[in-house]
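Raw start.txt, compact mmCIF, C-alpha atoms:
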```txt
# COMPACT_ATOMS: atom_id res chain seq x y z
CA MET A 1 13.10 -2.45 -35.75
CA ALA A 2 9.76 -1.31 -34.42
CA ASP A 3 6.55 -1.91 -36.32
CA LEU A 4 4.15 -0.30 -33.87
CA ASP A 5 2.68 3.13 -34.42
CA ARG A 6 2.14 5.20 -31.29
CA ALA A 7 -1.56 5.65 -31.99
CA ASP A 8 -2.07 1.88 -32.18
CA VAL A 9 -0.28 1.42 -28.86
CA LEU A 10 -2.46 4.06 -27.22
CA ARG A 11 -5.58 2.45 -28.64
CA LEU A 12 -4.57 -0.91 -27.22
CA ILE A 13 -3.74 0.43 -23.77
CA ASP A 14 -7.04 2.29 -23.56
CA ALA A 15 -8.95 -0.81 -24.62
CA ALA A 16 -7.14 -2.97 -22.08
CA ALA A 17 -7.61 -0.53 -19.19
CA PRO A 18 -10.70 1.55 -20.00
CA ASP A 19 -11.42 2.33 -16.35
CA SER A 20 -7.98 2.78 -14.87
CA PRO A 21 -6.46 6.12 -13.91
CA VAL A 22 -4.10 7.06 -16.73
CA VAL A 23 -1.57 9.89 -16.72
CA LEU A 24 -0.72 10.99 -20.25
CA GLY A 25 2.59 12.57 -21.12
CA LEU A 26 2.65 15.85 -22.97
CA GLY A 27 2.72 16.38 -26.72
CA GLY A 28 1.92 13.61 -29.13
CA ILE A 29 0.95 11.08 -26.46
CA ALA A 30 -1.80 13.30 -25.07
CA ARG A 31 -2.99 14.53 -28.46
CA GLU A 32 -3.06 11.10 -30.08
CA MET A 33 -4.84 9.53 -27.12
CA LEU A 34 -7.47 12.22 -27.45
CA ALA A 35 -7.71 11.40 -31.15
CA VAL A 36 -8.13 7.66 -30.67
CA ALA A 37 -10.09 7.52 -27.40
CA GLY A 38 -11.64 10.97 -26.99
CA ARG A 39 -11.76 12.99 -23.79
CA LYS A 40 -12.11 10.57 -20.87
CA GLY A 41 -12.56 11.22 -17.17
CA ASN A 42 -9.95 8.64 -16.21
CA HIS A 43 -7.24 10.38 -18.24
CA PHE A 44 -5.13 13.02 -16.54
CA ILE A 45 -3.58 15.00 -19.36
CA SER A 46 -0.25 16.72 -18.95
CA LEU A 47 -0.13 19.79 -21.14
CA ASP A 48 3.43 20.85 -20.51
CA ALA A 49 5.10 19.37 -17.44
CA MET A 50 7.82 17.55 -19.35
CA GLY A 51 9.65 14.92 -17.36
CA GLN A 52 6.95 14.71 -14.69
CA THR A 53 4.45 12.13 -16.01
CA VAL A 54 5.75 9.18 -14.01
CA SER A 55 6.07 11.31 -10.88
CA VAL A 56 2.44 12.40 -11.08
CA ALA A 57 1.35 8.81 -11.61
CA LEU A 58 3.50 7.72 -8.70
CA GLY A 59 1.76 10.28 -6.49
CA ILE A 60 -1.66 9.07 -7.57
CA ALA A 61 -0.65 5.45 -7.03
CA LEU A 62 0.61 6.22 -3.52
CA GLY A 63 -2.46 8.28 -2.71
CA LEU A 64 -4.74 5.41 -3.72
CA GLU A 65 -2.71 2.94 -1.70
CA PRO A 66 -2.67 4.40 1.81
CA PRO A 67 0.42 3.68 3.88
CA GLY A 68 0.04 0.39 5.68
CA LEU A 69 -1.87 -1.37 2.91
CA GLU A 70 1.22 -2.35 0.94
CA PRO A 71 1.61 -5.87 2.31
CA LEU A 72 -1.99 -6.83 1.55
CA GLY A 73 -1.60 -7.42 -2.17
CA LEU A 74 -3.57 -6.22 -5.16
CA GLU A 75 -6.67 -8.30 -4.49
CA HIS A 76 -7.40 -6.40 -1.28
CA ARG A 77 -7.29 -2.96 -2.78
CA ALA A 78 -10.34 -0.90 -3.58
CA ALA A 79 -11.09 0.36 -7.08
CA PRO A 80 -9.72 1.71 -9.35
CA GLY A 81 -6.79 -0.70 -9.35
CA LYS A 82 -3.74 -0.01 -11.43
CA VAL A 83 -2.52 3.50 -12.12
CA ILE A 84 -0.98 3.82 -15.57
CA ALA A 85 1.57 6.34 -16.78
CA ILE A 86 2.15 6.69 -20.52
CA GLU A 87 5.36 8.57 -21.09
CA GLY A 88 7.72 9.26 -23.98
CA ASP A 89 11.41 8.47 -24.00
CA GLY A 90 12.52 12.11 -24.17
CA SER A 91 10.30 13.17 -21.30
CA LEU A 92 11.34 10.19 -19.17
CA LEU A 93 15.00 11.03 -19.65
CA MET A 94 14.30 14.54 -18.35
CA GLY A 95 13.20 13.10 -15.02
CA LEU A 96 14.94 9.75 -14.91
CA SER A 97 15.53 9.94 -11.16
CA VAL A 98 11.90 8.98 -10.60
CA LEU A 99 12.78 5.42 -11.57
CA SER A 100 14.83 5.20 -8.38
CA THR A 101 12.03 6.68 -6.28
CA VAL A 102 9.51 4.22 -7.70
CA GLY A 103 11.90 1.33 -7.14
CA HIS A 104 12.42 2.41 -3.56
CA LEU A 105 8.72 2.85 -2.75
CA LYS A 106 7.47 -0.08 -4.86
CA PRO A 107 3.83 0.89 -5.37
CA ALA A 108 2.16 -2.37 -6.35
CA ASN A 109 -0.49 -0.50 -8.33
CA LEU A 110 1.77 1.38 -10.75
CA VAL A 111 2.33 0.52 -14.40
CA VAL A 112 4.53 2.67 -16.62
CA TYR A 113 4.58 2.51 -20.40
CA ILE A 114 7.45 4.20 -22.19
CA LEU A 115 6.56 4.85 -25.80
CA ASP A 116 10.00 5.05 -27.28
CA ASN A 117 10.43 6.41 -30.78
CA GLY A 118 13.95 7.68 -30.11
CA VAL A 119 13.15 11.30 -30.92
CA TYR A 120 11.46 14.43 -29.62
CA LEU A 121 8.77 14.01 -32.22
CA ALA A 122 6.54 16.91 -31.26
CA THR A 123 9.33 19.41 -31.82
CA GLY A 124 10.61 18.14 -35.13
CA GLY A 125 12.27 14.80 -34.47
CA GLN A 126 15.51 15.72 -32.72
CA PRO A 127 17.16 12.53 -31.39
CA THR A 128 16.99 11.54 -27.74
CA ALA A 129 19.61 9.44 -25.97
CA SER A 130 17.29 6.45 -25.65
CA ALA A 131 18.90 4.39 -28.41
CA ASP A 132 21.83 3.70 -26.11
CA ILE A 133 19.83 3.18 -22.92
CA ASP A 134 18.60 -0.22 -21.77
CA LEU A 135 15.55 0.96 -19.85
CA VAL A 136 14.53 -2.55 -18.83
CA THR A 137 17.88 -3.01 -17.11
CA VAL A 138 17.67 0.46 -15.57
CA ALA A 139 14.23 -0.26 -14.11
CA THR A 140 15.18 -3.65 -12.72
CA ALA A 141 18.43 -2.23 -11.35
CA CYS A 142 16.25 0.33 -9.55
CA SER A 143 14.34 -2.56 -7.91
CA TRP A 144 11.16 -2.43 -9.98
CA ARG A 145 9.29 -5.72 -9.75
CA GLY A 146 9.31 -6.22 -13.49
CA ALA A 147 10.16 -4.66 -16.85
CA ARG A 148 9.79 -5.73 -20.45
CA GLU A 149 10.60 -4.38 -23.88
CA VAL A 150 8.24 -4.99 -26.80
CA ARG A 151 8.41 -4.31 -30.51
CA THR A 152 5.42 -6.12 -32.02
CA ALA A 153 1.66 -6.14 -31.55
CA ASP A 154 1.72 -9.65 -30.13
CA GLU A 155 4.45 -8.76 -27.64
CA LEU A 156 2.55 -5.63 -26.64
CA ALA A 157 -0.69 -7.53 -26.06
CA ALA A 158 1.10 -10.06 -23.88
CA ALA A 159 2.99 -7.39 -21.95
CA THR A 160 -0.16 -5.37 -21.38
CA ALA A 161 -2.02 -8.36 -19.95
CA TRP A 162 0.99 -9.09 -17.77
CA SER A 163 1.39 -5.51 -16.58
CA LEU A 164 -2.22 -5.20 -15.47
CA THR A 165 -2.29 -8.40 -13.50
CA THR A 166 1.14 -8.64 -11.94
CA GLU A 167 2.32 -6.90 -8.78
CA GLY A 168 3.87 -3.55 -9.61
CA PRO A 169 5.71 -1.45 -10.15
CA VAL A 170 6.29 -2.64 -13.67
CA LEU A 171 7.61 -0.91 -16.76
CA VAL A 172 6.88 -1.70 -20.39
CA ARG A 173 9.11 -0.11 -22.98
CA VAL A 174 7.34 -0.04 -26.33
CA ARG A 175 9.46 0.64 -29.37
CA THR A 176 7.38 2.67 -31.79
CA THR A 177 7.72 4.20 -35.22
CA THR A 178 7.77 7.95 -35.73
CA ALA A 179 4.42 7.93 -37.51
CA GLN A 180 2.04 10.58 -36.20
CA LEU A 181 -1.71 10.99 -36.33
CA PRO A 182 -2.90 14.39 -37.47
CA ALA A 183 -4.12 15.91 -34.21
CA ASP A 184 -5.01 19.44 -33.20
CA TYR A 185 -3.44 21.25 -30.28
CA PHE A 186 -5.38 20.58 -27.10
CA LEU A 187 -5.97 23.82 -25.24
CA GLU A 188 -8.34 22.95 -22.39
CA ASP A 189 -7.95 24.88 -19.14
CA PRO A 190 -5.68 22.72 -16.94
CA ALA A 191 -7.72 23.55 -13.84
CA ILE A 192 -10.70 21.90 -15.53
CA LEU A 193 -8.60 18.89 -16.51
CA ALA A 194 -7.53 18.44 -12.89
CA GLU A 195 -11.02 18.83 -11.51
CA ASP A 196 -12.54 16.44 -14.06
CA PHE A 197 -9.97 13.81 -13.19
CA ARG A 198 -10.39 14.33 -9.47
CA ARG A 199 -14.17 13.96 -9.74
CA TRP A 200 -13.79 10.79 -11.77
CA LEU A 201 -11.36 9.39 -9.24
CA ARG A 202 -13.63 10.32 -6.35
CA ALA A 203 -16.53 8.52 -8.02
CA GLN A 204 -14.47 5.33 -8.20
CA SER A 205 -13.70 5.36 -4.49
CA PRO A 206 -16.73 6.87 -2.77
CA GLN A 207 -15.38 6.04 0.66
CA LYS A 208 -12.45 8.39 0.07
CA GLU A 209 -13.18 12.10 0.15
CA PRO A 210 -10.33 14.13 -1.37
CA MET B 1 27.45 32.08 20.47
CA THR B 2 24.25 33.97 21.07
CA GLY B 3 21.51 34.00 18.44
CA ALA B 4 21.93 37.50 16.98
CA GLY B 5 18.46 38.01 15.57
CA ALA B 6 16.52 35.86 18.00
CA THR B 7 12.95 36.62 19.07
CA ALA B 8 12.27 37.94 22.57
CA GLU B 9 11.62 34.47 23.95
CA GLU B 10 15.00 33.36 22.51
CA ALA B 11 17.03 36.21 24.08
CA GLY B 12 20.20 34.87 25.62
CA GLU B 13 19.92 31.51 23.94
CA THR B 14 22.74 30.04 21.91
CA ASP B 15 22.39 29.44 18.18
CA GLN B 16 21.97 25.75 18.93
CA GLN B 17 19.17 26.46 21.39
CA VAL B 18 17.47 28.73 18.88
CA LEU B 19 17.78 26.01 16.27
CA GLN B 20 16.22 23.46 18.59
CA ARG B 21 13.35 25.72 19.63
CA ARG B 22 12.50 26.71 16.07
CA SER B 23 12.84 23.13 14.84
CA ALA B 24 10.42 22.00 17.53
CA ALA B 25 7.94 24.66 16.42
CA ILE B 26 8.18 23.53 12.80
CA ILE B 27 7.65 19.91 13.80
CA ALA B 28 4.61 20.91 15.84
CA GLY B 29 3.17 22.85 12.92
CA ILE B 30 3.62 20.02 10.46
CA GLU B 31 2.28 17.45 12.91
CA ALA B 32 -0.81 19.61 13.44
CA ILE B 33 -1.49 19.24 9.72
CA ASP B 34 -1.20 15.47 10.14
CA PRO B 35 0.26 14.75 6.70
CA ASP B 36 0.07 11.19 5.41
CA HIS B 37 3.07 11.76 3.13
CA VAL B 38 6.22 13.70 4.00
CA LEU B 39 8.66 14.24 1.13
CA HIS B 40 12.05 15.59 2.06
CA LEU B 41 15.40 16.57 0.67
CA ALA B 42 18.68 16.76 2.52
CA SER B 43 19.31 19.89 4.57
CA SER B 44 21.75 20.46 7.40
CA THR B 45 19.63 23.22 8.94
CA LEU B 46 16.55 20.98 8.84
CA LYS B 47 18.34 18.03 10.40
CA ILE B 48 16.26 18.02 13.59
CA VAL B 49 13.00 18.35 11.67
CA LEU B 50 13.93 15.66 9.15
CA SER B 51 15.08 13.28 11.88
CA HIS B 52 11.71 13.59 13.58
CA PHE B 53 9.94 12.36 10.46
CA ILE B 54 12.53 9.92 9.11
CA ASP B 55 13.32 7.91 12.20
CA GLY B 56 11.78 9.76 15.15
CA PRO B 57 8.25 9.97 16.55
CA GLY B 58 6.97 11.35 13.25
CA ALA B 59 7.79 8.11 11.44
CA ARG B 60 4.51 6.57 12.45
CA PRO B 61 2.21 3.97 10.92
CA GLY B 62 -0.09 5.46 8.33
CA ARG B 63 2.50 7.91 7.09
CA ARG B 64 4.95 7.55 4.21
CA VAL B 65 8.20 9.47 4.59
CA PHE B 66 10.64 9.43 1.72
CA ALA B 67 13.35 11.42 0.00
CA MET B 68 12.78 13.20 -3.27
CA PRO B 69 15.99 13.15 -5.30
CA ARG B 70 15.14 16.52 -6.79
CA GLU B 71 12.64 19.19 -5.75
CA GLU B 72 10.67 19.18 -8.99
CA GLU B 73 10.10 15.45 -8.69
CA GLY B 74 8.65 16.07 -5.24
CA VAL B 75 6.35 18.76 -6.59
CA SER B 76 5.03 16.36 -9.21
CA ILE B 77 4.58 13.45 -6.82
CA ALA B 78 2.74 15.83 -4.49
CA ALA B 79 0.51 16.88 -7.39
CA GLY B 80 -0.47 13.25 -7.90
CA LEU B 81 -1.02 12.77 -4.19
CA GLU B 82 -3.27 15.83 -4.07
CA LEU B 83 -5.28 14.53 -7.03
CA ALA B 84 -5.80 11.29 -5.14
CA GLY B 85 -6.94 13.08 -1.99
CA ALA B 86 -3.81 12.55 0.11
CA ARG B 87 -2.18 15.11 2.45
CA PRO B 88 1.44 15.61 1.41
CA VAL B 89 3.94 18.08 2.86
CA LEU B 90 7.28 18.87 1.23
CA ILE B 91 10.35 19.81 3.28
CA PHE B 92 13.54 21.11 1.65
CA GLN B 93 15.80 24.16 1.62
CA ASP B 94 15.60 27.30 -0.46
CA ASN B 95 18.56 26.68 -2.75
CA GLY B 96 16.36 24.05 -4.41
CA ILE B 97 13.71 26.55 -5.47
CA GLY B 98 15.39 26.98 -8.82
CA ASN B 99 15.05 23.27 -9.49
CA LEU B 100 11.31 23.18 -9.09
CA LEU B 101 9.94 26.27 -10.80
CA THR B 102 8.97 24.72 -14.14
CA ALA B 103 7.14 21.79 -12.55
CA LEU B 104 5.49 24.10 -10.05
CA LEU B 105 4.23 26.51 -12.68
CA THR B 106 3.20 24.00 -15.34
CA LEU B 107 1.60 21.59 -12.91
CA SER B 108 0.59 22.69 -9.41
CA GLN B 109 -0.01 26.33 -10.20
CA ALA B 110 -1.56 25.79 -13.63
CA TYR B 111 -3.80 22.89 -12.57
CA HIS B 112 -4.85 24.63 -9.32
CA LEU B 113 -3.46 21.91 -7.08
CA PRO B 114 -2.69 22.88 -3.50
CA LEU B 115 0.76 22.13 -2.14
CA LEU B 116 2.47 23.03 1.10
CA ALA B 117 6.25 23.33 1.16
CA VAL B 118 8.18 24.07 4.33
CA VAL B 119 11.42 25.57 3.07
CA SER B 120 14.43 26.38 5.23
CA ARG B 121 16.35 29.59 4.57
CA ARG B 122 20.04 29.48 3.77
CA GLY B 123 22.43 32.30 3.19
CA GLY B 124 22.47 35.46 5.27
CA LEU B 125 23.71 35.81 8.84
CA GLY B 126 25.03 32.62 10.33
CA GLU B 127 25.57 30.91 6.99
CA TYR B 128 28.76 28.88 6.76
CA ASN B 129 28.58 27.88 3.09
CA SER B 130 30.11 30.58 0.94
CA MET B 131 28.50 29.23 -2.22
CA ILE B 132 24.88 29.24 -1.17
CA HIS B 133 24.16 32.96 -0.78
CA THR B 134 23.85 33.64 -4.48
CA ILE B 135 20.72 31.56 -4.88
CA SER B 136 19.29 31.64 -1.36
CA GLU B 137 19.28 35.42 -1.04
CA ARG B 138 17.04 35.54 -4.10
CA ALA B 139 14.48 33.02 -2.85
CA GLU B 140 11.75 35.57 -2.22
CA ALA B 141 12.42 37.33 -5.51
CA LEU B 142 12.27 34.06 -7.43
CA LEU B 143 8.97 33.12 -5.82
CA ASP B 144 7.56 36.61 -6.38
CA ALA B 145 8.55 36.49 -10.04
CA ALA B 146 6.88 33.10 -10.32
CA GLY B 147 3.72 34.32 -8.64
CA VAL B 148 4.01 31.77 -5.85
CA ARG B 149 2.52 32.76 -2.50
CA TRP B 150 4.95 32.53 0.41
CA PHE B 151 5.06 33.35 4.10
CA GLN B 152 8.16 33.89 6.17
CA LEU B 153 8.87 32.72 9.69
CA ASP B 154 11.93 34.31 11.25
CA ALA B 155 12.89 36.51 14.21
CA ARG B 156 9.98 38.83 13.44
CA THR B 157 7.44 36.19 14.41
CA PRO B 158 7.39 34.84 17.98
CA VAL B 159 8.41 31.19 17.93
CA GLY B 160 5.29 30.43 19.88
CA ARG B 161 3.28 31.39 16.78
CA TRP B 162 5.24 29.34 14.26
CA ALA B 163 3.29 26.10 14.53
CA ALA B 164 -0.03 27.89 14.13
CA GLU B 165 1.28 29.84 11.16
CA ILE B 166 2.38 26.66 9.40
CA GLU B 167 -1.05 25.18 9.99
CA ARG B 168 -2.64 28.34 8.60
CA ALA B 169 -0.45 28.12 5.52
CA TRP B 170 -1.77 24.61 4.90
CA ALA B 171 -5.33 25.92 5.16
CA PHE B 172 -4.40 28.78 2.83
CA SER B 173 -3.15 26.35 0.18
CA ARG B 174 -6.49 24.49 0.39
CA ALA B 175 -8.51 27.69 0.26
CA THR B 176 -6.63 29.11 -2.71
CA HIS B 177 -6.04 25.78 -4.53
CA ARG B 178 -2.44 26.85 -5.06
CA PRO B 179 1.08 26.05 -3.84
CA VAL B 180 2.11 27.87 -0.68
CA PHE B 181 5.66 28.06 0.62
CA VAL B 182 6.54 28.69 4.26
CA LEU B 183 10.09 30.01 4.43
CA VAL B 184 11.55 29.16 7.83
CA ASN B 185 14.77 30.65 9.17
CA LEU B 186 16.50 28.24 11.53
CA MET B 187 19.76 30.12 11.59
CA GLY B 188 18.90 32.70 14.21
CA SER B 189 17.97 35.69 12.05
```
Would you give me this structure, written as structure tokens?
Amino acid sequence: MADLDRADVLRLIDAAAPDSPVVLGLGGIAREMLAVAGRKGNHFISLDAMGQTVSVALGIALGLEPPGLEPLGLEHRAAPGKVIAIEGDGSLLMGLSVLSTVGHLKPANLVVYILDNGVYLATGGQPTASADIDLVTVATACSWRGAREVRTADELAAATAWSLTTEGPVLVRVRTTTAQLPADYFLEDPAILAEDFRRWLRAQSPQKEP
Amino acid sequence: MTGAGATAEEAGETDQQVLQRRSAAIIAGIEAIDPDHVLHLASSTLKIVLSHFIDGPGARPGRRVFAMPREEEGVSIAAGLELAGARPVLIFQDNGIGNLLTALLTLSQAYHLPLLAVVSRRGGLGEYNSMIHTISERAEALLDAAGVRWFQLDARTPVGRWAAEIERAWAFSRATHRPVFVLVNLMGS
């Protein structure tokens, strides 16, 4: 039984990684992060690309870790360090193949959080298949370097500290309730969202000119 | 067998020779772009091109080459790479266009992220797979309906121009901040 609300999880992740690139999945994840943390330059907000959150984060992680740097280890990498994807269970299951691509490429700077409430909450709470899926086993079977499942605030705090300091890719499955924060639709122009994120990213790595 | 729709410089060449010449032109065009990431999906017509990047001279230090299990996943990874300032190129065949449209339109197109896809044509003259025509013959129509800019390289363009055209398509994707598809016909038409 989960006792974590999604908004509390988002608040904790943002506090633990206030200056990391974060890719936010569509729907409640994006809207509730905006509600608890506000609009932030380091957040790339997906407005509709369901199933693609981890793939976008994988691309960012690879782009920030040029080919040839992989063997050097995290301590040799330039800012901004870990790239974080925050995805829902329903959206992940739409693009589950990316777990195999991540496991194959093994970006050391990628952390993926799956906020798993077992339903498509934004569309009325229809059930997903996640209740019968052991995502930790799936990730490790796909050769991820680590994966954990958490259900309590203490477990989440420990897993977050672990995920940000250990060599990636790592996955943290967070079992959450279906509680929702009241949050308005977010209707910003996606071209502006992309450019804001790109400018923020460029400012973190001035030697790299996208 | 002689390449039925070959360009003037390919006159008298066999289908295999046409395939090799056009494949070499595509490789030259992509190499001129100097991508740091090459994402690919299986294609029998692209075999020579893919081999160059997977385990040939194109598999060089400083470049990541990997398979995308599905075209839409490749589009999304490329979107992230573009955000991070990398230089990705996608290579796949046109029967996968249907798989990628939602990701392309809700991500790359909507967020104004450039993307270059080199897409081999299937179906039509020289096609051996009886099942592939239904989707491949509609590739241009699908892209038109989606508002995706595409350019075609086939017998109407001298093979000697193909590499430069691919390079120009890359520049076009940067200039327009949009996805651009180069449809390449390796089957002789």
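Nearest to chain A of all the residues B:Leu107, B:Met187, B:Ala25, B:Leu100 is B:Leu107, counting only C-alpha atoms.
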Check: Using only C-alpha atoms, which residue out of A:Ile133, A:Val150, A:Ala203, A:Ala108 lies closest to chain B?
Finding: A:Ala203
Next item on the list: Define the interface residues of chain A facing chain B as those within 6 Å, counting only C-alpha atoms, and report them as number ranges by chain.
Entry: A: 49, 55-56, 59-60, 63, 67-68, 190-191, 194, 198, 210
Any chance you could export the current selection's C-alpha atoms as a PDB file, keeping the file's coordinate frame?
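Contents of the output file out-v1.pdb:
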```
ATOM      1  CA  ALA A  49       5.100  19.370 -17.440  1.00  0.00           C
ATOM      2  CA  SER A  55       6.070  11.310 -10.880  1.00  0.00           C
ATOM      3  CA  VAL A  56       2.440  12.400 -11.080  1.00  0.00           C
ATOM      4  CA  GLY A  59       1.760  10.280  -6.490  1.00  0.00           C
ATOM      5  CA  ILE A  60      -1.660   9.070  -7.570  1.00  0.00           C
ATOM      6  CA  GLY A  63      -2.460   8.280  -2.710  1.00  0.00           C
ATOM      7  CA  PRO A  67       0.420   3.680   3.880  1.00  0.00           C
ATOM      8  CA  GLY A  68       0.040   0.390   5.680  1.00  0.00           C
ATOM      9  CA  PRO A 190      -5.680  22.720 -16.940  1.00  0.00           C
ATOM     10  CA  ALA A 191      -7.720  23.550 -13.840  1.00  0.00           C
ATOM     11  CA  ALA A 194      -7.530  18.440 -12.890  1.00  0.00           C
ATOM     12  CA  ARG A 198     -10.390  14.330  -9.470  1.00  0.00           C
ATOM     13  CA  PRO A 210     -10.330  14.130  -1.370  1.00  0.00           C
TER      14      PRO A 210
END
```
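Near Asp132 in chain A, within a cut-off of 12 Å and counting only C-alpha atoms, sit the residues A:Asp89, A:Leu93, A:Asp116, A:Gly118, A:Val138, with same-chain residues fewer than 6 positions away left out.
Interatomic distance, CA of Val22 in chain A to CA of Ala146 in chain B: 29.0 Å.
Proximity ranking of B:Ile97, B:Leu90, B:Ile33, B:Ala11 relative to Leu50 in chain B places B:Leu90 first, based on all atoms listed in the file.
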Item checked: Contact residues around Ile45 in chain A with only C-alpha atoms at 8 Å, ignoring same-chain residues under 5 positions, as a PyMOL selection string -> chain A and resi 23-26+30+193
Those same residues, written as a PDB file, in the frame of the given file with C-alpha atoms?
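Result went into out.pdb, see below:
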```pdb
ATOM      1  CA  VAL A  23      -1.570   9.890 -16.720  1.00  0.00           C
ATOM      2  CA  LEU A  24      -0.720  10.990 -20.250  1.00  0.00           C
ATOM      3  CA  GLY A  25       2.590  12.570 -21.120  1.00  0.00           C
ATOM      4  CA  LEU A  26       2.650  15.850 -22.970  1.00  0.00           C
ATOM      5  CA  ALA A  30      -1.800  13.300 -25.070  1.00  0.00           C
ATOM      6  CA  LEU A 193      -8.600  18.890 -16.510  1.00  0.00           C
TER       7      LEU A 193
END
```
Note to self: Nearest residue to Ile192 in chain A out of A:Gly41, A:Asp48, A:Gly103, A:Thr166, using only C-alpha atoms?
What the structure shows: A:Gly41
Next item on the list: Up to 10 Å from (6.3, 0.5, -3.1) in the file's coordinates: name the residues, counting only C-alpha atoms, as a PyMOL selection string.
Entry: chain A and resi 58+61-62+65+67+70-71+101-110+143-145+168-169
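A straight line drawn from CA of Ile13 in chain A to CA of Tyr185 in chain A is 21.8 Å long.
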Next item on the list: Can you work out which one of B:Ser130, B:Val89, B:Gln16, B:Asn95 has the shortest atom-to-atom distance to Pro179 in chain B, counting all atoms listed in the file?
Entry: B:Val89
Next item on the list: Fewer than 3 positions away in the same chain doesn't count, so skip those; otherwise give me all residues within 9 Å of Trp150 in chain B, counting all atoms listed in the file, as a PyMOL selection string.
Entry: chain B and resi 140+143-144+169+179-183
Complete the atoms of range 28-40 of chain B to N, CA and C atoms and put them out as a PDB file, in the frame of the given file.
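Output below, filename rebuild_5.pdb:
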```pdb
ATOM      1  N   ALA B  28       5.963  20.808  15.297  1.00  0.00           N
ATOM      2  CA  ALA B  28       4.610  20.910  15.840  1.00  0.00           C
ATOM      3  C   ALA B  28       3.627  21.385  14.786  1.00  0.00           C
ATOM      4  N   GLY B  29       4.062  22.333  13.972  1.00  0.00           N
ATOM      5  CA  GLY B  29       3.170  22.850  12.920  1.00  0.00           C
ATOM      6  C   GLY B  29       2.853  21.791  11.883  1.00  0.00           C
ATOM      7  N   ILE B  30       3.859  21.063  11.471  1.00  0.00           N
ATOM      8  CA  ILE B  30       3.620  20.020  10.460  1.00  0.00           C
ATOM      9  C   ILE B  30       2.779  18.894  11.059  1.00  0.00           C
ATOM     10  N   GLU B  31       3.072  18.519  12.291  1.00  0.00           N
ATOM     11  CA  GLU B  31       2.280  17.450  12.910  1.00  0.00           C
ATOM     12  C   GLU B  31       0.820  17.863  13.083  1.00  0.00           C
ATOM     13  N   ALA B  32       0.577  19.144  13.308  1.00  0.00           N
ATOM     14  CA  ALA B  32      -0.810  19.610  13.440  1.00  0.00           C
ATOM     15  C   ALA B  32      -1.580  19.420  12.139  1.00  0.00           C
ATOM     16  N   ILE B  33      -0.865  19.476  11.030  1.00  0.00           N
ATOM     17  CA  ILE B  33      -1.490  19.240   9.720  1.00  0.00           C
ATOM     18  C   ILE B  33      -1.806  17.754   9.542  1.00  0.00           C
ATOM     19  N   ASP B  34      -1.058  16.917  10.219  1.00  0.00           N
ATOM     20  CA  ASP B  34      -1.200  15.470  10.140  1.00  0.00           C
ATOM     21  C   ASP B  34      -1.057  14.948   8.705  1.00  0.00           C
ATOM     22  N   PRO B  35       0.068  15.224   8.078  1.00  0.00           N
ATOM     23  CA  PRO B  35       0.260  14.750   6.700  1.00  0.00           C
ATOM     24  C   PRO B  35       0.399  13.231   6.653  1.00  0.00           C
ATOM     25  N   ASP B  36      -0.121  12.639   5.577  1.00  0.00           N
ATOM     26  CA  ASP B  36       0.070  11.190   5.410  1.00  0.00           C
ATOM     27  C   ASP B  36       1.293  10.889   4.544  1.00  0.00           C
ATOM     28  N   HIS B  37       1.832  11.920   3.905  1.00  0.00           N
ATOM     29  CA  HIS B  37       3.070  11.760   3.130  1.00  0.00           C
ATOM     30  C   HIS B  37       3.991  12.937   3.428  1.00  0.00           C
ATOM     31  N   VAL B  38       5.216  12.646   3.774  1.00  0.00           N
ATOM     32  CA  VAL B  38       6.220  13.700   4.000  1.00  0.00           C
ATOM     33  C   VAL B  38       7.372  13.428   3.035  1.00  0.00           C
ATOM     34  N   LEU B  39       7.579  14.359   2.122  1.00  0.00           N
ATOM     35  CA  LEU B  39       8.660  14.240   1.130  1.00  0.00           C
ATOM     36  C   LEU B  39       9.754  15.212   1.528  1.00  0.00           C
ATOM     37  N   HIS B  40      10.981  14.740   1.556  1.00  0.00           N
ATOM     38  CA  HIS B  40      12.050  15.590   2.060  1.00  0.00           C
ATOM     39  C   HIS B  40      13.283  15.531   1.183  1.00  0.00           C
TER      40      HIS B  40
END
```
